[in-house]
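The structure file data_25.txt is reproduced below (compact mmCIF, C-alpha atoms).
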```txt
# COMPACT_ATOMS: atom_id res chain seq x y z
CA MET Z 220 -16.21 3.44 18.01
CA GLY Z 221 -16.79 3.09 21.72
CA ILE Z 222 -19.12 3.90 24.57
CA LYS Z 223 -18.34 6.61 27.11
CA LYS Z 224 -19.68 6.32 30.66
CA PHE Z 225 -19.52 8.88 33.45
CA ARG Z 226 -18.91 8.98 37.15
CA PRO Z 227 -22.32 9.32 38.90
CA THR Z 228 -21.80 12.91 40.04
CA THR Z 229 -25.42 13.72 39.12
CA PRO Z 230 -28.57 11.58 38.74
CA GLY Z 231 -28.57 12.27 34.99
CA LEU Z 232 -25.04 10.94 34.55
CA ARG Z 233 -25.49 7.87 36.72
CA HIS Z 234 -26.95 5.71 33.93
CA ALA Z 235 -25.92 7.78 30.89
CA ALA Z 236 -23.84 6.07 28.20
CA ILE Z 237 -22.99 7.90 24.98
CA SER Z 238 -20.73 7.36 21.99
CA ASN Z 239 -17.19 8.67 22.32
CA PHE Z 240 -17.21 9.73 18.62
CA GLU Z 241 -13.55 8.69 18.26
CA GLU Z 242 -14.06 7.54 14.66
CA LEU Z 243 -15.17 11.01 13.50
CA THR Z 244 -12.86 13.44 11.75
CA LYS Z 245 -12.71 17.08 12.79
CA GLY Z 246 -14.38 19.78 10.75
CA LYS Z 247 -17.79 21.05 9.71
CA PRO Z 248 -20.21 19.24 7.35
CA GLU Z 249 -20.06 19.91 3.62
CA LYS Z 250 -22.17 23.05 3.16
CA ALA Z 251 -23.27 22.20 -0.39
CA LEU Z 252 -24.80 18.94 0.86
CA LEU Z 253 -26.94 20.53 3.61
CA VAL Z 254 -30.60 21.50 3.32
CA PRO Z 255 -32.85 22.97 6.05
CA MET Z 256 -35.28 20.74 7.91
CA LYS Z 257 -38.71 22.10 8.73
CA LYS Z 258 -40.22 20.77 11.96
CA SER Z 259 -43.82 19.60 11.93
CA GLY Z 260 -44.34 18.98 15.66
CA GLY Z 261 -46.16 15.78 14.60
CA ARG Z 262 -48.84 17.78 12.78
CA ASN Z 263 -50.18 17.30 9.26
CA ASN Z 264 -51.09 19.95 6.68
CA ARG Z 265 -54.33 20.69 8.56
CA GLY Z 266 -52.52 21.38 11.82
CA ARG Z 267 -53.77 18.23 13.53
CA VAL Z 268 -51.49 15.98 15.58
CA THR Z 269 -51.00 12.73 13.66
CA SER Z 270 -47.79 11.62 15.46
CA ARG Z 271 -47.98 12.12 19.20
CA HIS Z 272 -45.14 13.03 21.55
CA ARG Z 273 -43.15 15.04 19.01
CA GLY Z 274 -42.01 18.63 19.31
CA GLY Z 275 -39.15 20.90 20.34
CA GLY Z 276 -35.65 19.55 20.02
CA HIS Z 277 -32.42 20.96 18.72
CA LYS Z 278 -32.26 22.53 15.27
CA ARG Z 279 -30.87 20.20 12.61
CA MET Z 280 -29.74 20.37 9.01
CA CYS Z 281 -30.52 17.49 6.65
CA ARG Z 282 -27.52 15.85 4.96
CA ILE Z 283 -28.15 14.79 1.35
CA VAL Z 284 -27.09 11.13 1.29
CA ASP Z 285 -26.39 9.24 -1.95
CA PHE Z 286 -28.51 6.09 -1.63
CA LYS Z 287 -28.51 5.37 -5.38
CA ARG Z 288 -24.71 5.17 -5.89
CA ASP Z 289 -25.36 5.96 -9.55
CA LYS Z 290 -21.98 7.53 -10.31
CA ILE Z 291 -20.83 4.39 -12.09
CA ASP Z 292 -17.14 3.52 -12.69
CA VAL Z 293 -15.84 6.78 -11.17
CA GLN Z 294 -13.24 6.41 -8.41
CA ALA Z 295 -13.80 8.27 -5.14
CA LYS Z 296 -11.69 8.87 -2.04
CA VAL Z 297 -13.03 9.04 1.51
CA ILE Z 298 -12.05 12.46 2.88
CA ALA Z 299 -14.07 12.49 6.16
CA ILE Z 300 -16.20 10.41 8.52
CA GLU Z 301 -18.96 12.61 9.95
CA TYR Z 302 -21.81 12.59 12.46
CA ASP Z 303 -25.40 12.79 11.24
CA PRO Z 304 -27.99 13.96 13.80
CA ASN Z 305 -30.81 12.45 11.73
CA ARG Z 306 -29.72 8.79 11.76
CA SER Z 307 -27.91 6.23 13.91
CA ALA Z 308 -25.19 5.50 11.33
CA ARG Z 309 -22.19 7.68 10.51
CA LEU Z 310 -21.63 9.30 7.12
CA ALA Z 311 -18.58 9.07 4.87
CA LEU Z 312 -17.82 12.07 2.66
CA LEU Z 313 -16.55 11.01 -0.76
CA GLN Z 314 -14.67 13.13 -3.26
CA TYR Z 315 -14.77 11.80 -6.82
CA THR Z 316 -11.99 12.24 -9.34
CA ASP Z 317 -14.10 14.84 -11.19
CA GLY Z 318 -14.32 16.93 -7.99
CA GLU Z 319 -17.91 16.14 -6.97
CA LYS Z 320 -18.57 15.35 -3.30
CA ARG Z 321 -21.26 13.04 -1.93
CA TYR Z 322 -22.25 11.49 1.39
CA ILE Z 323 -22.72 7.74 1.81
CA ILE Z 324 -23.53 5.57 4.85
CA ALA Z 325 -20.21 4.64 6.50
CA PRO Z 326 -19.66 0.86 6.90
CA ILE Z 327 -17.34 -0.82 9.40
CA GLY Z 328 -13.74 -0.69 8.22
CA LEU Z 329 -14.08 2.30 5.88
CA ASN Z 330 -11.46 4.89 6.78
CA VAL Z 331 -10.24 8.26 5.55
CA ASN Z 332 -8.12 8.03 2.35
CA ASP Z 333 -9.72 4.72 1.31
CA ASP Z 334 -10.74 4.41 -2.35
CA VAL Z 335 -14.25 3.23 -3.29
CA VAL Z 336 -16.16 2.83 -6.53
CA ALA Z 337 -19.68 1.99 -7.70
CA SER Z 338 -19.68 -0.48 -10.58
CA LYS Z 339 -21.63 -3.49 -11.82
CA THR Z 340 -18.40 -5.50 -11.60
CA ALA Z 341 -16.67 -3.73 -8.69
CA GLU Z 342 -14.15 -5.50 -6.46
CA ILE Z 343 -15.67 -7.10 -3.35
CA LYS Z 344 -14.29 -4.51 -0.95
CA VAL Z 345 -15.85 -2.56 1.95
CA GLY Z 346 -17.54 0.59 0.65
CA ASN Z 347 -17.78 -0.49 -2.97
CA ALA Z 348 -21.27 -0.60 -4.51
CA THR Z 349 -22.12 -3.30 -7.01
CA ALA Z 350 -25.01 -5.32 -8.43
CA LEU Z 351 -26.30 -8.29 -6.42
CA ALA Z 352 -25.29 -10.52 -9.34
CA ASN Z 353 -21.65 -9.71 -8.51
CA VAL Z 354 -21.92 -10.36 -4.74
CA PRO Z 355 -20.80 -13.82 -3.53
CA ALA Z 356 -23.03 -15.71 -1.10
CA GLY Z 357 -22.28 -15.11 2.57
CA ILE Z 358 -20.80 -11.61 2.14
CA PRO Z 359 -22.45 -8.94 4.38
CA ILE Z 360 -24.02 -6.09 2.41
CA HIS Z 361 -26.03 -2.97 3.25
CA ASN Z 362 -27.78 -0.12 1.40
CA VAL Z 363 -29.75 -2.64 -0.67
CA GLU Z 364 -32.23 -1.61 -3.36
CA LEU Z 365 -35.59 -3.34 -3.69
CA LYS Z 366 -36.24 -1.89 -7.15
CA ARG Z 367 -33.62 -1.18 -9.78
CA GLY Z 368 -32.50 2.45 -9.75
CA SER Z 369 -34.88 3.50 -6.96
CA GLY Z 370 -32.19 3.92 -4.31
CA ALA Z 371 -31.38 1.83 -1.26
CA THR Z 372 -34.15 1.18 1.25
CA ILE Z 373 -32.88 -1.87 3.18
CA ALA Z 374 -30.16 -2.12 5.90
CA ARG Z 375 -29.29 1.55 6.41
CA SER Z 376 -29.23 1.93 10.22
CA ALA Z 377 -26.33 1.34 12.60
CA GLY Z 378 -25.04 -2.24 12.73
CA ASN Z 379 -27.40 -3.60 10.07
CA SER Z 380 -26.47 -5.86 7.18
CA CYS Z 381 -27.99 -8.37 4.75
CA ILE Z 382 -26.58 -11.61 3.38
CA VAL Z 383 -27.01 -13.14 -0.08
CA MET Z 384 -28.12 -16.73 0.58
CA ALA Z 385 -28.40 -18.01 -3.00
CA LYS Z 386 -29.00 -16.96 -6.61
CA GLU Z 387 -31.56 -18.42 -8.98
CA GLY Z 388 -32.63 -17.08 -12.34
CA ASP Z 389 -33.06 -13.29 -12.29
CA TYR Z 390 -33.32 -13.06 -8.50
CA ALA Z 391 -31.05 -13.31 -5.48
CA GLN Z 392 -32.30 -14.72 -2.18
CA VAL Z 393 -31.33 -12.11 0.42
CA LYS Z 394 -31.69 -12.52 4.17
CA LEU Z 395 -32.76 -9.16 5.66
CA PRO Z 396 -31.84 -7.91 9.18
CA SER Z 397 -35.31 -8.97 10.41
CA GLY Z 398 -34.67 -12.58 9.41
CA GLU Z 399 -36.96 -12.39 6.38
CA ILE Z 400 -35.64 -14.05 3.22
CA ARG Z 401 -36.69 -12.13 0.12
CA LEU Z 402 -36.20 -12.34 -3.62
CA ILE Z 403 -34.48 -9.23 -5.02
CA ASP Z 404 -33.61 -8.49 -8.65
CA MET Z 405 -29.97 -9.30 -9.49
CA GLU Z 406 -29.54 -5.85 -11.08
CA CYS Z 407 -30.29 -4.04 -7.81
CA MET Z 408 -27.31 -2.28 -6.24
CA ALA Z 409 -25.91 -2.99 -2.78
CA THR Z 410 -22.86 -1.79 -0.86
CA ILE Z 411 -20.31 -4.22 0.55
CA GLY Z 412 -19.91 -4.38 4.33
CA GLN Z 413 -21.90 -3.89 7.53
CA VAL Z 414 -23.15 -0.45 8.60
CA GLY Z 415 -20.86 1.07 11.24
CA ASN Z 416 -21.52 2.42 14.74
CA ILE Z 417 -22.64 -1.04 15.90
CA GLU Z 418 -22.51 0.04 19.56
CA HIS Z 419 -25.38 2.46 19.04
CA GLU Z 420 -27.81 -0.02 20.65
CA THR Z 421 -25.89 0.14 23.95
CA ILE Z 422 -26.39 3.91 24.32
CA SER Z 423 -28.41 4.93 27.39
CA ILE Z 424 -30.26 8.27 27.33
CA GLY Z 425 -29.65 8.80 31.06
CA LYS Z 426 -32.11 11.64 31.63
CA ALA Z 427 -35.38 13.05 30.33
CA GLY Z 428 -33.70 16.20 29.04
CA ARG Z 429 -31.78 14.31 26.36
CA SER Z 430 -35.05 13.00 24.96
CA ARG Z 431 -36.29 16.59 24.72
CA TRP Z 432 -33.11 17.57 22.83
CA MET Z 433 -34.04 14.89 20.29
CA GLY Z 434 -37.56 16.25 19.88
CA ILE Z 435 -39.31 13.53 21.90
CA ARG Z 436 -41.97 14.87 24.29
CA PRO Z 437 -43.14 13.11 27.47
CA TYR Z 438 -45.96 10.60 27.38
CA SER Z 439 -48.05 8.80 29.99
CA ARG Z 440 -48.81 5.09 30.21
CA GLY Z 441 -52.33 4.09 29.27
CA VAL Z 442 -52.92 2.23 32.56
CA ALA Z 443 -52.14 5.43 34.48
CA LYS Z 444 -55.03 7.30 32.82
CA ASN Z 445 -58.78 7.42 33.43
CA PRO Z 446 -61.18 5.20 31.45
CA HIS Z 447 -62.42 8.31 29.66
CA ASP Z 448 -58.93 8.95 28.26
CA HIS Z 449 -57.67 5.45 27.43
CA PRO Z 450 -59.12 1.93 27.00
CA MET Z 451 -56.53 0.59 29.45
CA GLY Z 452 -57.26 3.22 32.10
CA GLY Z 453 -59.24 3.00 35.33
CA GLY Z 454 -59.68 0.18 37.82
CA GLU Z 455 -59.54 0.06 41.59
CA GLY Z 456 -55.93 0.24 42.74
CA LYS Z 457 -53.34 -0.98 40.25
CA ALA Z 458 -55.03 -2.68 37.32
CA SER Z 459 -53.19 -4.21 34.35
CA GLY Z 460 -55.60 -2.76 31.82
CA GLY Z 461 -56.06 -5.83 29.62
CA LEU Z 462 -54.47 -6.27 26.20
CA PRO Z 463 -52.07 -3.47 25.14
CA ARG Z 464 -53.78 -1.08 22.75
CA SER Z 465 -53.72 2.50 21.52
CA PRO Z 466 -55.99 5.27 22.87
CA TRP Z 467 -58.34 4.50 19.95
CA GLY Z 468 -58.57 0.78 20.65
CA GLN Z 469 -56.07 -0.54 18.05
CA TYR Z 470 -54.27 -3.58 19.47
CA ALA Z 471 -50.56 -2.88 19.87
CA LYS Z 472 -49.10 -6.40 20.09
CA GLY Z 473 -49.78 -9.29 17.75
CA LEU Z 474 -52.31 -7.62 15.46
CA LYS Z 475 -51.43 -8.29 11.82
CA THR Z 476 -51.76 -5.09 9.79
CA ARG Z 477 -50.25 -6.33 6.52
CA LYS Z 478 -52.69 -6.73 3.60
CA LYS Z 479 -53.85 -10.30 3.11
CA LYS Z 480 -53.29 -9.97 -0.64
CA ASN Z 481 -50.12 -7.94 -1.04
CA ARG Z 482 -48.40 -7.69 -4.41
CA SER Z 483 -44.99 -8.27 -2.83
CA ASP Z 484 -45.98 -11.57 -1.16
CA LYS Z 485 -44.57 -13.55 -4.09
CA TYR Z 486 -41.08 -12.17 -3.35
CA ILE Z 487 -41.05 -13.30 0.30
CA LEU Z 488 -39.69 -16.84 0.75
CA LYS Z 489 -39.60 -16.80 4.55
CA ARG Z 490 -41.32 -14.41 6.93
CA ARG Z 491 -39.37 -12.43 9.49
CA GLU Z 492 -38.58 -14.14 12.78
```

Could you spell out this file's structure in structure tokens?
Amino acid sequence: MGIKKFRPTTPGLRHAAISNFEELTKGKPEKALLVPMKKSGGRNNRGRVTSRHRGGGHKRMCRIVDFKRDKIDVQAKVIAIEYDPNRSARLALLQYTDGEKRYIIAPIGLNVNDDVVASKTAEIKVGNATALANVPAGIPIHNVELKRGSGATIARSAGNSCIVMAKEGDYAQVKLPSGEIRLIDMECMATIGQVGNIEHETISIGKAGRSRWMGIRPYSRGVAKNPHDHPMGGGEGKASGGLPRSPWGQYAKGLKTRKKKNRSDKYILKRRE
């Protein structure tokens, strides 16, 4: 893992910084684990734009990632570390002893030819998946389930990890990447280690064209528009526009949108920082 910078021979390269992809292995993705991705352009089933500034971009194939790690007590070998255009993390291609292949999120320190296993009592080793009841306090984990058997939903992006703070009764106290401390069932599965590609946050797009390759269309600031088009628009000369808000008046900073009576409140010991 590393960041590649360029000599400023063009304006687009002057500030560009991309990954050097040195941790990836050569070869094409596993064809049996690819499915087509249909682009929506930000539109719903009625053809109306519900997510603005989306459209275009390079064609992609979706990689089927194993977030459940439900192949219990079957040894697997890492045969490749691959790029995934749909996420910030890298993927590790596993081949099980029965011949089946699956993708998992690649943590830091997982290399080709390493052996991993998913088990309720697996060894505490990078890449192994085990129940929270088996994870010692202070060990970084990722790919954490919130409900038993539902598949991992927490700590899946580049550089993320959770930490088991304590265990009490049927629940483990887990500190999430946001700083929130949450009660999670001991039977939920998690993978040992921190998600790789930690230098992803230092990447600099460098030019507008790269955003278009990713399917992100241009957008204008609200204060640059007319009052007819945006609540923050208008004013003589340069005006700040008041509190940040959406074109429809929804406040964008500080407005609490979580339900006041949420069923999951009882599982949150400490709110995110």

Set the distance at 10 Å and use only C-alpha atoms: which residues neighbour Arg306 in chain Z once local chain neighbours fewer than 2 positions away are removed? I'd like the list as a PyMOL selection string. chain Z and resi 302-304+308-310+324+375-377

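Across the model, the gap from CA of Gly231 in chain Z to CA of Arg429 in chain Z is 9.4 Å.
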
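Pairwise distance (CA of Lys247 in chain Z, CA of Cys281 in chain Z) equals 13.6 Å.
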
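Interatomic distance, CA of Met433 in chain Z to CA of His449 in chain Z: 26.4 Å.
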
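Taking all atoms listed in the file into account, Arg491 in chain Z lies nearest to Z:Leu395 out of the set Z:Met280, Z:Leu395, Z:Met384, Z:Ile298.
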
Exercise: Cys381 in chain Z partners within 6 Å, only C-alpha atoms, chain neighbours under 5 positions left out, as a CSV table (one decimal) with C-alpha atoms, in the coordinates of the input:
```
chain,number,residue,atom,x,y,z
Z,359,PRO,CA,-22.4,-8.9,4.4
Z,360,ILE,CA,-24.0,-6.1,2.4
Z,361,HIS,CA,-26.0,-3.0,3.2
Z,394,LYS,CA,-31.7,-12.5,4.2
Z,395,LEU,CA,-32.8,-9.2,5.7
Z,396,PRO,CA,-31.8,-7.9,9.2
```

With a distance cut-off of 8 Å and all atoms listed in the file, select the neighbouring residues of Arg279 in chain Z, excluding the residue or stretch itself and same-chain residues fewer than 5 positions from it, and output the selection as a PyMOL selection string. chain Z and resi 255-256+304-305

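Using all atoms listed in the file, the smallest distance between any of Z:Leu462, Z:Leu488, Z:Ala385, Z:Leu329 and Thr410 in chain Z comes from Z:Leu329.
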
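When all atoms listed in the file are used to measure the gap to Ser465 in chain Z, the shortest distance among Z:Arg262, Z:Arg490, Z:His419, Z:Arg440 belongs to Z:Arg440.
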
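Among the candidate residues Z:Arg321, Z:Arg464, Z:Lys480, Z:Arg436, the one lying nearest to Gly260 in chain Z is Z:Arg436, with distances computed using all atoms listed in the file.
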
Around the point (-53.4, 3.2, 30.9), in the coordinates given by the file, pick out the residues reaching within 12 Å, counting all atoms listed in the file, and return them as a PDB file with C-alpha atoms, keeping the file's coordinate frame.
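What follows is the written file selection.pdb:
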```pdb
ATOM      1  CA  TYR Z 438     -45.960  10.600  27.380  1.00  0.00           C
ATOM      2  CA  SER Z 439     -48.050   8.800  29.990  1.00  0.00           C
ATOM      3  CA  ARG Z 440     -48.810   5.090  30.210  1.00  0.00           C
ATOM      4  CA  GLY Z 441     -52.330   4.090  29.270  1.00  0.00           C
ATOM      5  CA  VAL Z 442     -52.920   2.230  32.560  1.00  0.00           C
ATOM      6  CA  ALA Z 443     -52.140   5.430  34.480  1.00  0.00           C
ATOM      7  CA  LYS Z 444     -55.030   7.300  32.820  1.00  0.00           C
ATOM      8  CA  ASN Z 445     -58.780   7.420  33.430  1.00  0.00           C
ATOM      9  CA  PRO Z 446     -61.180   5.200  31.450  1.00  0.00           C
ATOM     10  CA  HIS Z 447     -62.420   8.310  29.660  1.00  0.00           C
ATOM     11  CA  ASP Z 448     -58.930   8.950  28.260  1.00  0.00           C
ATOM     12  CA  HIS Z 449     -57.670   5.450  27.430  1.00  0.00           C
ATOM     13  CA  PRO Z 450     -59.120   1.930  27.000  1.00  0.00           C
ATOM     14  CA  MET Z 451     -56.530   0.590  29.450  1.00  0.00           C
ATOM     15  CA  GLY Z 452     -57.260   3.220  32.100  1.00  0.00           C
ATOM     16  CA  GLY Z 453     -59.240   3.000  35.330  1.00  0.00           C
ATOM     17  CA  GLY Z 454     -59.680   0.180  37.820  1.00  0.00           C
ATOM     18  CA  LYS Z 457     -53.340  -0.980  40.250  1.00  0.00           C
ATOM     19  CA  ALA Z 458     -55.030  -2.680  37.320  1.00  0.00           C
ATOM     20  CA  SER Z 459     -53.190  -4.210  34.350  1.00  0.00           C
ATOM     21  CA  GLY Z 460     -55.600  -2.760  31.820  1.00  0.00           C
ATOM     22  CA  GLY Z 461     -56.060  -5.830  29.620  1.00  0.00           C
ATOM     23  CA  LEU Z 462     -54.470  -6.270  26.200  1.00  0.00           C
ATOM     24  CA  PRO Z 463     -52.070  -3.470  25.140  1.00  0.00           C
ATOM     25  CA  ARG Z 464     -53.780  -1.080  22.750  1.00  0.00           C
ATOM     26  CA  SER Z 465     -53.720   2.500  21.520  1.00  0.00           C
ATOM     27  CA  PRO Z 466     -55.990   5.270  22.870  1.00  0.00           C
ATOM     28  CA  GLY Z 468     -58.570   0.780  20.650  1.00  0.00           C
TER      29      GLY Z 468
END
```

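When all atoms listed in the file are used to measure the gap to Leu402 in chain Z, the shortest distance among Z:Ile343, Z:Ala251, Z:Ile424, Z:Ile382 belongs to Z:Ile382.
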
Name the residues, using the chain letters and numbers of the file, that sit within 10 Å of (-33.3, -17.5, -0.7) when counting only C-alpha atoms, and give them as a PyMOL selection string. chain Z and resi 382-387+390-394+399-403+486-489

Can you pull out every residue within 12 Å of Asn332 in chain Z, counting all atoms listed in the file, but drop anything in the same chain fewer than 5 positions away, and send it as a list in words? Thr244, Ala295, Lys296, Val297, Ile298, Ala299, Ile300, Ala311, Leu312, Leu313, Gln314 and Tyr315 of chain Z
